[in-house]
Each structure stands twice: as C-alpha cells, then as structure tokens.
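Novice: Sharing protein17.cif below, mmCIF, C-alpha atoms and all ligand atoms:
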```cif
data_data
loop_
_atom_site.label_atom_id
_atom_site.label_comp_id
_atom_site.auth_asym_id
_atom_site.auth_seq_id
_atom_site.Cartn_x
_atom_site.Cartn_y
_atom_site.Cartn_z
CA MET A 1 52.81 -51.83 27.25
CA ASN A 2 52.06 -48.59 29.07
CA HIS A 3 54.80 -47.90 31.65
CA SER A 4 53.33 -44.64 33.00
CA THR A 5 52.15 -44.48 36.62
CA PRO A 6 48.62 -45.86 36.80
CA ILE A 7 45.85 -43.36 37.49
CA ILE A 8 43.99 -46.08 39.32
CA GLU A 9 45.18 -49.54 40.27
CA GLY A 10 43.38 -52.48 41.85
CA CYS A 11 45.24 -55.40 43.43
CA ASP A 12 43.48 -58.54 44.59
CA LEU A 13 40.29 -56.53 44.88
CA SER A 14 37.00 -58.02 46.02
CA ILE A 15 33.84 -56.13 45.12
CA GLY A 16 30.23 -56.57 46.15
CA TYR A 17 27.61 -55.53 48.65
CA ARG A 18 27.34 -55.39 52.43
CA SER A 19 24.02 -55.22 54.17
CA GLY A 20 24.31 -55.48 57.96
CA LYS A 21 26.24 -58.68 58.59
CA GLN A 22 25.46 -60.08 55.18
CA VAL A 23 28.08 -59.86 52.44
CA LYS A 24 27.40 -60.55 48.78
CA THR A 25 30.68 -60.91 46.88
CA VAL A 26 30.27 -60.22 43.16
CA HIS A 27 33.97 -60.68 42.26
CA ARG A 28 37.20 -61.44 44.05
CA HIS A 29 40.92 -61.28 43.08
CA LEU A 30 40.48 -58.51 40.49
CA ASN A 31 43.72 -56.95 39.21
CA PHE A 32 43.80 -53.96 36.86
CA SER A 33 45.19 -50.51 36.13
CA LEU A 34 44.21 -47.53 33.99
CA HIS A 35 46.64 -45.13 32.34
CA ARG A 36 46.51 -41.64 30.86
CA GLY A 37 45.87 -41.33 27.13
CA GLU A 38 43.89 -44.57 26.86
CA LEU A 39 40.25 -45.43 26.28
CA THR A 40 39.29 -48.69 27.97
CA CYS A 41 35.96 -50.44 27.42
CA LEU A 42 34.49 -52.70 30.07
CA LEU A 43 32.47 -55.50 28.45
CA GLY A 44 30.37 -58.21 30.03
CA ALA A 45 27.00 -59.92 29.93
CA ASN A 46 24.03 -58.58 31.91
CA GLY A 47 24.71 -59.10 35.60
CA ALA A 48 28.46 -59.69 35.09
CA GLY A 49 29.25 -56.93 37.59
CA LYS A 50 30.19 -53.95 35.40
CA SER A 51 28.17 -51.36 37.34
CA THR A 52 29.38 -52.81 40.64
CA LEU A 53 32.99 -52.43 39.47
CA LEU A 54 32.43 -48.89 38.13
CA ARG A 55 30.77 -47.82 41.39
CA THR A 56 33.71 -49.25 43.33
CA LEU A 57 36.20 -47.33 41.15
CA ALA A 58 34.12 -44.17 41.60
CA ALA A 59 34.28 -44.78 45.37
CA THR A 60 30.52 -44.59 45.74
CA GLN A 61 30.81 -48.16 46.99
CA MET A 62 33.69 -49.50 49.10
CA PRO A 63 35.68 -52.58 48.06
CA LEU A 64 35.09 -55.64 50.24
CA GLU A 65 38.79 -56.52 50.33
CA GLY A 66 42.08 -55.79 48.59
CA SER A 67 43.86 -52.64 47.53
CA LEU A 68 42.48 -49.81 45.36
CA LYS A 69 44.88 -46.93 44.75
CA LEU A 70 44.17 -43.63 43.05
CA LEU A 71 47.37 -41.87 41.88
CA GLY A 72 49.33 -44.17 44.17
CA ARG A 73 47.26 -43.44 47.32
CA PRO A 74 44.55 -45.63 48.84
CA ILE A 75 41.23 -44.35 47.53
CA ALA A 76 39.72 -44.50 51.04
CA SER A 77 42.18 -41.81 52.18
CA TYR A 78 40.76 -39.22 49.74
CA SER A 79 38.31 -36.60 50.95
CA GLU A 80 35.14 -36.19 48.88
CA ARG A 81 36.46 -32.92 47.44
CA GLU A 82 39.81 -34.49 46.50
CA ARG A 83 38.01 -37.38 44.84
CA SER A 84 35.76 -35.08 42.82
CA ARG A 85 38.88 -33.37 41.49
CA THR A 86 40.32 -36.74 40.45
CA ILE A 87 37.39 -38.83 39.20
CA GLY A 88 34.69 -37.61 36.83
CA VAL A 89 31.65 -39.87 36.63
CA VAL A 90 29.06 -39.87 33.85
CA LEU A 91 25.99 -41.97 34.55
CA THR A 92 23.35 -42.90 32.04
CA ASP A 93 20.24 -41.34 33.47
CA LYS A 94 17.77 -39.77 31.09
CA THR A 95 16.07 -37.77 33.83
CA GLN A 96 19.10 -35.66 34.79
CA ALA A 97 19.28 -31.88 34.68
CA GLY A 98 15.78 -30.71 33.71
CA GLY A 99 15.53 -26.89 33.80
CA LEU A 100 19.17 -25.89 33.27
CA THR A 101 20.79 -24.62 30.11
CA VAL A 102 23.70 -26.62 28.75
CA TYR A 103 26.10 -23.94 29.99
CA GLU A 104 24.62 -24.03 33.51
CA LEU A 105 24.71 -27.83 33.58
CA VAL A 106 28.35 -27.97 32.48
CA ALA A 107 29.22 -25.20 34.98
CA LEU A 108 28.00 -27.48 37.80
CA GLY A 109 31.00 -29.66 37.03
CA ARG A 110 33.28 -26.82 38.24
CA GLN A 111 32.01 -27.19 41.83
CA PRO A 112 35.08 -29.12 43.03
CA HIS A 113 37.17 -26.06 42.01
CA THR A 114 34.93 -23.15 43.01
CA GLY A 115 34.49 -21.80 46.53
CA PHE A 116 31.60 -22.44 48.93
CA PHE A 117 29.20 -20.17 46.97
CA GLY A 118 30.24 -21.72 43.68
CA ARG A 119 31.15 -18.37 42.07
CA LEU A 120 32.65 -18.78 38.62
CA HIS A 121 35.76 -16.80 37.76
CA ALA A 122 37.29 -16.01 34.37
CA ARG A 123 39.33 -19.21 34.38
CA ASP A 124 36.20 -21.29 35.15
CA HIS A 125 34.36 -19.76 32.17
CA GLU A 126 37.40 -20.46 30.01
CA VAL A 127 37.43 -24.12 31.09
CA ILE A 128 33.68 -24.42 30.42
CA ARG A 129 34.02 -22.87 26.96
CA HIS A 130 36.90 -25.23 26.17
CA ALA A 131 34.87 -28.27 27.25
CA LEU A 132 31.81 -27.22 25.20
CA GLN A 133 34.07 -26.83 22.21
CA ALA A 134 35.88 -30.13 22.80
CA VAL A 135 32.61 -32.08 22.73
CA GLY A 136 31.15 -29.99 19.89
CA ILE A 137 28.08 -28.41 21.54
CA THR A 138 29.11 -24.74 21.81
CA HIS A 139 26.14 -23.86 19.57
CA LYS A 140 23.77 -25.41 22.16
CA ALA A 141 25.23 -23.58 25.19
CA GLN A 142 22.05 -21.56 25.85
CA THR A 143 19.61 -24.40 25.05
CA TYR A 144 17.71 -26.02 27.92
CA THR A 145 18.93 -29.57 28.50
CA SER A 146 15.33 -30.79 28.35
CA GLU A 147 15.33 -29.69 24.70
CA LEU A 148 18.41 -31.71 23.71
CA SER A 149 18.51 -34.98 21.81
CA ASP A 150 19.87 -37.98 23.72
CA GLY A 151 23.20 -37.69 21.88
CA GLU A 152 23.52 -33.98 22.65
CA ARG A 153 22.63 -34.55 26.32
CA GLN A 154 25.32 -37.22 26.52
CA LYS A 155 27.86 -34.76 25.09
CA ALA A 156 26.78 -32.15 27.67
CA MET A 157 27.29 -34.72 30.45
CA ILE A 158 30.75 -35.53 29.09
CA ALA A 159 31.57 -31.78 29.00
CA LYS A 160 30.42 -31.53 32.65
CA ALA A 161 32.88 -34.30 33.56
CA LEU A 162 35.63 -32.59 31.52
CA VAL A 163 35.39 -29.30 33.42
CA GLN A 164 36.12 -31.17 36.65
CA GLU A 165 39.64 -31.45 35.14
CA CYS A 166 40.06 -34.98 36.46
CA PRO A 167 42.67 -37.38 35.12
CA LEU A 168 40.14 -40.24 35.34
CA ILE A 169 36.67 -40.33 33.75
CA LEU A 170 34.27 -43.24 34.31
CA LEU A 171 31.14 -43.66 32.20
CA ASP A 172 28.35 -46.19 32.67
CA GLU A 173 26.95 -47.16 29.26
CA PRO A 174 27.38 -43.74 27.61
CA THR A 175 26.01 -44.97 24.29
CA ALA A 176 22.82 -46.61 25.59
CA PHE A 177 19.75 -44.95 23.96
CA LEU A 178 21.85 -43.50 21.13
CA ASP A 179 21.39 -44.17 17.42
CA VAL A 180 24.29 -45.56 15.41
CA THR A 181 25.62 -42.15 14.30
CA SER A 182 25.56 -40.73 17.82
CA ARG A 183 27.13 -43.92 19.19
CA ILE A 184 30.03 -43.64 16.76
CA GLU A 185 30.36 -39.89 17.42
CA THR A 186 30.35 -40.37 21.21
CA MET A 187 32.90 -43.18 21.14
CA ASN A 188 35.11 -41.24 18.72
CA LEU A 189 34.85 -38.20 20.97
CA LEU A 190 35.85 -40.20 24.06
CA HIS A 191 38.83 -41.72 22.29
CA ARG A 192 39.94 -38.29 21.07
CA LEU A 193 39.57 -36.82 24.57
CA ALA A 194 41.60 -39.68 26.06
CA VAL A 195 44.44 -38.98 23.64
CA GLU A 196 44.30 -35.16 23.31
CA GLU A 197 43.48 -34.33 26.93
CA GLN A 198 45.58 -37.24 28.27
CA LYS A 199 42.76 -38.70 30.36
CA ALA A 200 42.28 -42.27 31.48
CA ILE A 201 38.75 -43.08 30.33
CA LEU A 202 36.87 -46.25 31.29
CA LEU A 203 33.38 -46.93 30.03
CA SER A 204 31.03 -49.87 30.27
CA THR A 205 29.14 -50.77 27.13
CA HIS A 206 27.13 -53.43 25.36
CA ASP A 207 28.14 -51.85 22.05
CA ILE A 208 30.86 -54.40 21.30
CA GLU A 209 31.23 -53.42 17.65
CA GLN A 210 32.27 -49.85 18.51
CA ALA A 211 34.37 -50.97 21.46
CA LEU A 212 36.44 -53.26 19.25
CA ILE A 213 37.12 -50.42 16.84
CA LEU A 214 37.99 -47.66 19.31
CA ALA A 215 39.05 -49.14 22.65
CA ASP A 216 42.79 -49.12 23.27
CA ARG A 217 42.19 -51.78 25.90
CA LEU A 218 39.36 -54.07 26.84
CA TRP A 219 38.31 -55.31 30.23
CA LEU A 220 36.35 -58.52 29.79
CA LEU A 221 34.28 -59.29 32.88
CA THR A 222 32.56 -62.64 33.40
CA ARG A 223 31.04 -64.13 36.53
CA GLU A 224 33.00 -67.34 35.93
CA GLY A 225 36.41 -65.98 34.88
CA GLY A 226 36.58 -62.60 36.62
CA LEU A 227 38.37 -59.77 34.86
CA GLU A 228 40.69 -60.15 31.89
CA CYS A 229 42.48 -57.00 30.66
CA GLY A 230 44.50 -56.41 27.52
CA VAL A 231 45.04 -54.52 24.30
CA THR A 232 41.94 -55.07 22.13
CA GLU A 233 43.65 -56.98 19.30
CA ASP A 234 45.63 -59.21 21.71
CA LEU A 235 42.39 -60.36 23.32
CA ILE A 236 40.59 -60.81 19.99
CA LEU A 237 43.37 -62.78 18.31
CA HIS A 238 43.91 -64.98 21.37
CA ASN A 239 40.24 -66.00 21.11
CA ARG A 240 39.32 -64.35 24.40
CA MET A 241 36.09 -62.85 23.02
CA ASP A 242 34.47 -66.30 23.04
CA SER A 243 34.84 -66.37 26.82
CA LEU A 244 32.63 -63.29 27.26
CA PHE A 245 29.32 -65.15 27.05
CA PRO A 246 30.18 -68.61 28.44
CA GLN A 247 26.57 -69.31 29.46
CA ASN A 248 25.39 -69.14 25.89
CA LYS A 249 26.74 -72.05 23.86
CA ASN A 250 24.80 -70.98 20.78
CA ILE A 251 26.76 -67.88 19.84
CA ARG A 252 30.33 -67.49 18.72
CA PHE A 253 32.65 -64.58 18.03
CA ASP A 254 33.35 -64.06 14.32
CA LEU A 255 37.07 -63.26 14.20
CA MET A 256 36.91 -62.06 10.63
CA HIS A 257 34.12 -59.54 11.14
CA GLY A 258 34.44 -58.64 14.81
CA GLY A 259 30.92 -59.48 15.97
CA TYR A 260 28.91 -62.26 17.55
CA SER A 261 26.67 -64.55 15.52
CA PRO A 262 24.60 -67.67 16.20
CA ILE A 263 26.40 -70.99 15.76
CA VAL A 264 25.21 -72.55 12.50
CA SER A 265 23.55 -75.92 12.82
CA GLY A 266 22.47 -76.05 9.17
CA GLN A 267 20.73 -79.25 8.13
CA LYS A 268 21.78 -79.03 4.46
CA SER A 269 25.41 -78.79 3.34
CA VAL A 270 26.32 -76.52 0.44
CA CYS A 271 29.70 -75.98 -1.23
CA LEU A 272 30.24 -72.22 -1.49
CA GLN A 273 32.66 -70.57 -3.89
CA ALA A 274 32.96 -66.79 -4.07
CA ASP A 275 35.12 -64.35 -6.00
CA ASP A 276 35.97 -62.30 -2.94
CA GLU A 277 35.65 -62.21 0.84
CA MET A 278 32.78 -59.74 0.85
CA LEU A 279 30.64 -61.87 -1.48
CA ARG A 280 31.53 -64.98 0.52
CA HIS A 281 30.53 -63.29 3.77
CA TRP A 282 27.07 -62.21 2.60
CA ALA A 283 26.39 -65.42 0.65
CA GLN A 284 27.28 -67.41 3.76
CA ASN A 285 25.08 -65.14 5.86
CA ALA A 286 22.09 -65.81 3.59
CA LEU A 287 22.74 -69.56 3.36
CA ASN A 288 23.29 -69.98 7.11
CA ARG A 289 20.05 -68.16 7.86
CA ASN A 290 18.31 -70.58 5.51
CA ASN A 291 19.52 -73.67 7.31
CA CYS A 292 22.55 -74.41 5.09
CA PHE A 293 26.00 -75.22 6.37
CA CYS A 294 28.70 -73.88 4.00
CA LEU A 295 31.72 -75.95 2.93
CA SER A 296 34.73 -74.38 1.23
CA GLU A 297 35.80 -77.51 -0.67
CA LEU A 298 33.93 -78.77 -3.71
CA SER A 299 32.13 -82.10 -3.38
CA ASP A 300 29.83 -84.02 -5.73
CA ASP A 301 27.74 -85.01 -2.73
CA TYR A 302 26.31 -81.53 -2.16
CA PRO A 303 24.90 -78.63 -4.22
CA THR A 304 27.38 -75.90 -5.15
CA VAL A 305 26.80 -72.16 -5.04
CA ARG A 306 29.27 -70.08 -7.02
CA ILE A 307 28.90 -66.30 -6.74
CA THR A 308 30.78 -63.79 -8.89
CA SER A 309 28.46 -60.82 -8.25
CA PRO A 310 25.11 -60.22 -6.48
CA GLU A 311 23.44 -60.65 -9.92
CA ASN A 312 25.36 -63.73 -10.99
CA ILE A 313 24.97 -66.72 -8.70
CA LEU A 314 25.34 -70.21 -10.16
CA LEU A 315 23.54 -72.99 -8.36
CA THR A 316 24.63 -76.50 -9.37
CA THR A 317 22.62 -79.49 -8.17
CA SER A 318 22.28 -83.08 -9.44
CA GLN A 319 19.65 -81.70 -11.84
CA GLY A 320 22.00 -79.23 -13.56
CA THR A 321 23.21 -75.64 -13.26
CA TYR A 322 20.89 -72.72 -12.81
CA THR A 323 21.85 -69.02 -12.92
CA CYS A 324 20.20 -66.86 -10.26
CA THR A 325 20.18 -63.08 -10.67
CA SER A 326 19.49 -62.30 -6.98
CA PHE A 327 19.66 -63.84 -3.52
CA ASP A 328 15.88 -63.89 -3.61
CA GLU A 329 16.03 -66.30 -6.55
CA LEU A 330 18.86 -68.39 -5.06
CA LEU A 331 17.04 -68.88 -1.76
CA GLN A 332 13.84 -69.96 -3.51
CA ASN A 333 15.76 -72.66 -5.40
CA ILE A 334 18.31 -73.97 -2.93
N1 LIG B 401 22.45 -53.01 45.50
C1 LIG B 401 22.73 -54.31 45.30
N2 LIG B 401 22.71 -55.18 46.33
C2 LIG B 401 22.99 -56.49 46.14
N3 LIG B 401 23.32 -57.04 44.94
C3 LIG B 401 23.36 -56.22 43.89
C4 LIG B 401 23.06 -54.82 43.99
N4 LIG B 401 23.19 -54.27 42.76
C5 LIG B 401 23.54 -55.27 41.92
N5 LIG B 401 23.65 -56.43 42.59
C6 LIG B 401 24.03 -57.75 42.05
O1 LIG B 401 25.38 -57.70 41.59
C7 LIG B 401 25.55 -58.49 40.41
C8 LIG B 401 26.19 -57.63 39.34
O2 LIG B 401 25.28 -56.60 38.98
P1 LIG B 401 25.72 -55.33 38.10
O3 LIG B 401 24.57 -54.38 38.08
O4 LIG B 401 27.02 -54.85 38.62
O5 LIG B 401 25.91 -56.02 36.68
P2 LIG B 401 26.13 -55.33 35.26
O6 LIG B 401 27.24 -56.08 34.60
O7 LIG B 401 26.28 -53.87 35.39
O8 LIG B 401 24.77 -55.71 34.55
P3 LIG B 401 23.96 -54.95 33.34
O9 LIG B 401 24.74 -55.15 32.08
O10 LIG B 401 22.67 -55.75 33.33
O11 LIG B 401 23.76 -53.52 33.73
C9 LIG B 401 24.16 -59.01 40.05
O12 LIG B 401 24.05 -60.33 40.52
C10 LIG B 401 23.22 -58.10 40.80
O13 LIG B 401 22.05 -58.77 41.16
#
```
Would you kindly transcribe this structure into structure tokens?

Specialist:
Amino acid sequence: MNHSTPIIEGCDLSIGYRSGKQVKTVHRHLNFSLHRGELTCLLGANGAGKSTLLRTLAATQMPLEGSLKLLGRPIASYSERERSRTIGVVLTDKTQAGGLTVYELVALGRQPHTGFFGRLHARDHEVIRHALQAVGITHKAQTYTSELSDGERQKAMIAKALVQECPLILLDEPTAFLDVTSRIETMNLLHRLAVEEQKAILLSTHDIEQALILADRLWLLTREGGLECGVTEDLILHNRMDSLFPQNKNIRFDLMHGGYSPIVSGQKSVCLQADDEMLRHWAQNALNRNNCFCLSELSDDYPTVRITSPENILLTTSQGTYTCTSFDELLQNI
C-alpha cells in the first residue's frame, strides 16, 4: 500500500454533465487516489465514463458533487495557472500542432512557468532538452511535427507535458493509433517516467494486454459497478477482470494468459493431452476455434488429441490412431 500523500484524491465524487437545469450523472460515489511514482491505467468499455472522469480530474469539467482534492486542496480553489503547473494533460488528437518543430511544440509546455511574453530562459531550455532526452526524441528536435510518425508525435506530446513539471500527468488513450512496437515503447516510457521522475501518471486505454503488464494499479470503470481500484495482480487474481464487460456474456478473462477470449460453446468434446502449457494453449486455441470443447481427463467416449510437438499430434478416435504432422492436418481430420 502506498502511504504517501495523494497527488489527487476523490471522495464520494459524482461526475457527469450539466446543461441548463438538466443534469446527466455518469457516475456517483467514486472514491480514488493517485500517488507519486505509480502508473495507473483506467480501463472500461466504450461509454463507461473514462473520458468524463479524466476531464473531471483535469478540471476542464466540474464534478457534480463530492470532494476532489489536488495536493490536499479542493481543485476548485486552484487558479488556471496553478492548475497548469500541477496537472499535465495529453489528449489523443491527431490534428494537434501542425507547423511547429518538435522543440517549439515542447517549449509551449513551459508556458505555465514563463512570463507574459513566454520568453524562454536558460533553465527552460535545460528542462526542454531533458524532456526530449527522457522520451527519446532529441534527434527529432528540429523536425516539423507534421512530419512525425504517430508514435513520435505521441512522445513529443508527452515531452510537452513533462516540461510543465507537474506531479500529475493525465493521458487519454495515448496508445490509440499506435502499432504494437510503439504501444509497448510508449507504455514502457510512461512507466519509467512515473518511477524515475516520481510522477503520478493516469492513462485511459483499451490496450488491456499492455496495461496488465505495466500498470502498477488499475482503475476498472463500469456503468454498473462504478470504479474499482487496486494493484493490478490483486484485481486479476480476485477475478475482477470479468466484471469489466458485464454486458457481454460471451467473453471471459483468461487468467492464465491475461487476455479476453470468447466463451467456448464447442459442440464436440475432445480429450486434450499436451506435453507442456504452451502446446496445450495453442492446441486448445485451434480446437476451440473449430467448435471443439477440450477436456483434460481421458475418456473413451470422446476422441483424444495428444500433442508432443507441433509436428507430432496423435489423434485417437474409435477408428484408430492417426499421426498428424501439423495443425492443418489435425483440423482436417478431427
Ligand atoms: N458532452 C456530453 N454531454 C452529455 N453526455 C455526454 C457528453 N460526453 C459524453 N457523454 C456521455 O457520458 C457517458 C460516458 O462517456 P465517455 O466519453 O466518458 O465514455 P468513455 O469511457 O470515455 O468511452 P470511449 O471508450 O468510447 O471513449 C456516455 O453515456 C456519453 O454518452
């Protein structure tokens, strides 16, 4: 448990939208805190309320009720300038920052610290150089942002938030649009920054696989159950991941492999024996996809598949035993 003073803390918070006299409550009774040195991932189905919560934490939207404290003080008591020195926000917007170089874009993040004319002093340049280095895009400093890849642009946006020198950074889907390498790099980078720069970092994501690997804590948000917070492995091993998509009864969380998969309603039963867990996993994957439900125990009532390597798969049916040298062959004969 993290006993440090929370950077931000919500108690009995209601979030949602006001329009004239109309109020649309998205969530009520939310309780949470974020601490320095930790990467937290906010997970939830489409429409669960992740963006609404992030906007409330960023103070671009006011809570409907309850208490929201930033460094122990009500967030509503902060001036805009104070807030921009405390909360860095990175939004996923591909159209941002057209004709600026990376250096100029990142320099914009210094505005909360520079004077009215935004003149940069030696210390500002030092902070900018440090941020470019921390995210690994020093070599792109003089490149126009319009000429960056999506992954590089995301790093530039993270550097811009870093130069604000805020203890709290909020990111809305920072890995959307990124390929798998850039997703891993970005998540790794954010975790490293949380630890090395002692930031509290909260990001929303649909990239559950990466979140489970790198998040110190998860916030699971559902319309039905509200917000559940905890250390990643505590939530996984207490079967909380199954509650994330309660509307969809056809998927389940695979505890062994840390991902979601469709519930198998195979019409044929097959006894599956494998030499190791990896072979079992992929054999089961192939059999499930081909309408077979896999049993671990042997039974004379059903065919048996015994796999010792991808080239040695024994299929035993009432007609005898047949050796398959590939999954292709097995699936044609099952
Ligand atoms: N400006 C708005 N005014 C009123 N309701 C809104 C507004 N923006 C979002 N909502 C509603 O708030 C609920 C939560 O939406 P939100 O965008 O926070 O979900 P989300 O978890 O970020 O979804 P996604 O994963 O699809 O981005 C939805 O029912 C949505 O229709």

Novice: Set the distance at 12 Å and use all atoms listed in the file: which residues neighbour Leu53 of chain A once local chain neighbours fewer than 4 positions away are removed? I'd like the list as an mmCIF file with C-alpha atoms, keeping the file's coordinate frame.

Specialist:
```cif
data_model
loop_
_atom_site.group_PDB
_atom_site.id
_atom_site.type_symbol
_atom_site.label_atom_id
_atom_site.label_comp_id
_atom_site.auth_asym_id
_atom_site.auth_seq_id
_atom_site.Cartn_x
_atom_site.Cartn_y
_atom_site.Cartn_z
ATOM 1 C CA GLY A 10 43.380 -52.480 41.850
ATOM 2 C CA LEU A 13 40.290 -56.530 44.880
ATOM 3 C CA SER A 14 37.000 -58.020 46.020
ATOM 4 C CA ILE A 15 33.840 -56.130 45.120
ATOM 5 C CA GLY A 16 30.230 -56.570 46.150
ATOM 6 C CA TYR A 17 27.610 -55.530 48.650
ATOM 7 C CA THR A 25 30.680 -60.910 46.880
ATOM 8 C CA VAL A 26 30.270 -60.220 43.160
ATOM 9 C CA HIS A 27 33.970 -60.680 42.260
ATOM 10 C CA ARG A 28 37.200 -61.440 44.050
ATOM 11 C CA LEU A 30 40.480 -58.510 40.490
ATOM 12 C CA ASN A 31 43.720 -56.950 39.210
ATOM 13 C CA PHE A 32 43.800 -53.960 36.860
ATOM 14 C CA LEU A 42 34.490 -52.700 30.070
ATOM 15 C CA LEU A 43 32.470 -55.500 28.450
ATOM 16 C CA GLY A 44 30.370 -58.210 30.030
ATOM 17 C CA GLY A 47 24.710 -59.100 35.600
ATOM 18 C CA ALA A 48 28.460 -59.690 35.090
ATOM 19 C CA GLY A 49 29.250 -56.930 37.590
ATOM 20 C CA LEU A 57 36.200 -47.330 41.150
ATOM 21 C CA ALA A 58 34.120 -44.170 41.600
ATOM 22 C CA ALA A 59 34.280 -44.780 45.370
ATOM 23 C CA THR A 60 30.520 -44.590 45.740
ATOM 24 C CA GLN A 61 30.810 -48.160 46.990
ATOM 25 C CA MET A 62 33.690 -49.500 49.100
ATOM 26 C CA PRO A 63 35.680 -52.580 48.060
ATOM 27 C CA LEU A 64 35.090 -55.640 50.240
ATOM 28 C CA LEU A 68 42.480 -49.810 45.360
ATOM 29 C CA LEU A 170 34.270 -43.240 34.310
ATOM 30 C CA LEU A 171 31.140 -43.660 32.200
ATOM 31 C CA ASP A 172 28.350 -46.190 32.670
ATOM 32 C CA LEU A 202 36.870 -46.250 31.290
ATOM 33 C CA LEU A 203 33.380 -46.930 30.030
ATOM 34 C CA SER A 204 31.030 -49.870 30.270
ATOM 35 C CA TRP A 219 38.310 -55.310 30.230
ATOM 36 C CA LEU A 220 36.350 -58.520 29.790
ATOM 37 C CA LEU A 221 34.280 -59.290 32.880
ATOM 38 C CA THR A 222 32.560 -62.640 33.400
ATOM 39 C CA GLY A 226 36.580 -62.600 36.620
ATOM 40 C CA LEU A 227 38.370 -59.770 34.860
#
```

Novice: Could you pull the residues within 10 Å of Arg252 of chain A, counting only C-alpha atoms, minus those fewer than 2 positions along the same chain, as a list in words?

Specialist: Met241, Asp242, Ser243, Leu244, Phe245, Pro246, Asn248, Lys249, Asn250, Asp254, Leu255, Gly259, Tyr260, Ser261, Pro262, Ile263 and Val264 of chain A

Novice: If we count only C-alpha atoms, what is near segment 80-84 of chain A at a cut-off of 12 Å, once residues fewer than 2 positions away on the same chain are taken out, given as a ChimeraX atom specification?

Specialist: /A:8,57-60,69-71,73-78,86-89,108-116,161-170

Novice: For a quick check of understanding, using only C-alpha atoms and all ligand atoms, which of A:Arg217, A:Arg223, A:Arg85, A:His121 has the smallest distance to ligand LIG 401 (chain B)?

Specialist: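 Looking only at the distances to ligand LIG 401 (chain B), the closest residue turns out to be A:Arg223.
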
Novice: Pick the closest to Leu39 of chain A from A:Met157, A:Leu105, A:Ile213, A:Leu132: which is it, counting only C-alpha atoms?

Specialist: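 Counting only C-alpha atoms, the residue closest to Leu39 of chain A is A:Ile213.
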
Novice: Would you pick out the contacts of Thr308 of chain A at 8 Å or less, using only C-alpha atoms, so that residues sharing its chain but fewer than 4 positions from it are not included, and give the list as a PyMOL selection string?

Specialist: chain A and resi 274-275+279+312-313

Novice: Mind giving me the straight-line distance from atom CA of Gln267 of chain A to atom CA of Asn291 of chain A in Å, one decimal?

Specialist: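 So the answer is 5.8 Å.
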
Novice: Hey, what's within 9 Å of Thr5 of chain A if we count all atoms listed in the file and toss same-chain stuff fewer than 4 positions away? As a list of chain:residue names, please?

Specialist: A:Leu34, A:His35, A:Arg36, A:Leu71, A:Gly72

Novice: Between A:Ala156, A:Ala131, A:Ala200, A:Ile251, single out the one closest to Glu38 of chain A, counting only C-alpha atoms.

Specialist: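 Of A:Ala156, A:Ala131, A:Ala200, A:Ile251, the one nearest Glu38 of chain A is A:Ala200, counting only C-alpha atoms.
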
Novice: Point out the residue among A:His29, A:Asp328, A:Thr323, A:Asp124 with the least atom-to-atom distance to Gly225 of chain A, counting all atoms listed in the file.

Specialist: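 Between A:His29, A:Asp328, A:Thr323, A:Asp124, the residue approaching Gly225 of chain A most closely is A:His29.
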
Novice: What separation in Å, quoted to one decimal, exists between atom CA of His130 of chain A and atom CA of Pro174 of chain A?

Specialist: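 Calculated distance between atom CA of His130 of chain A and atom CA of Pro174 of chain A is 20.9 Å.
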
Novice: So the first atom is atom CA of Val23 of chain A and the second is atom CA of Pro6 of chain A; what is the distance between them in Å, to one decimal place?

Specialist: 29.4 Å
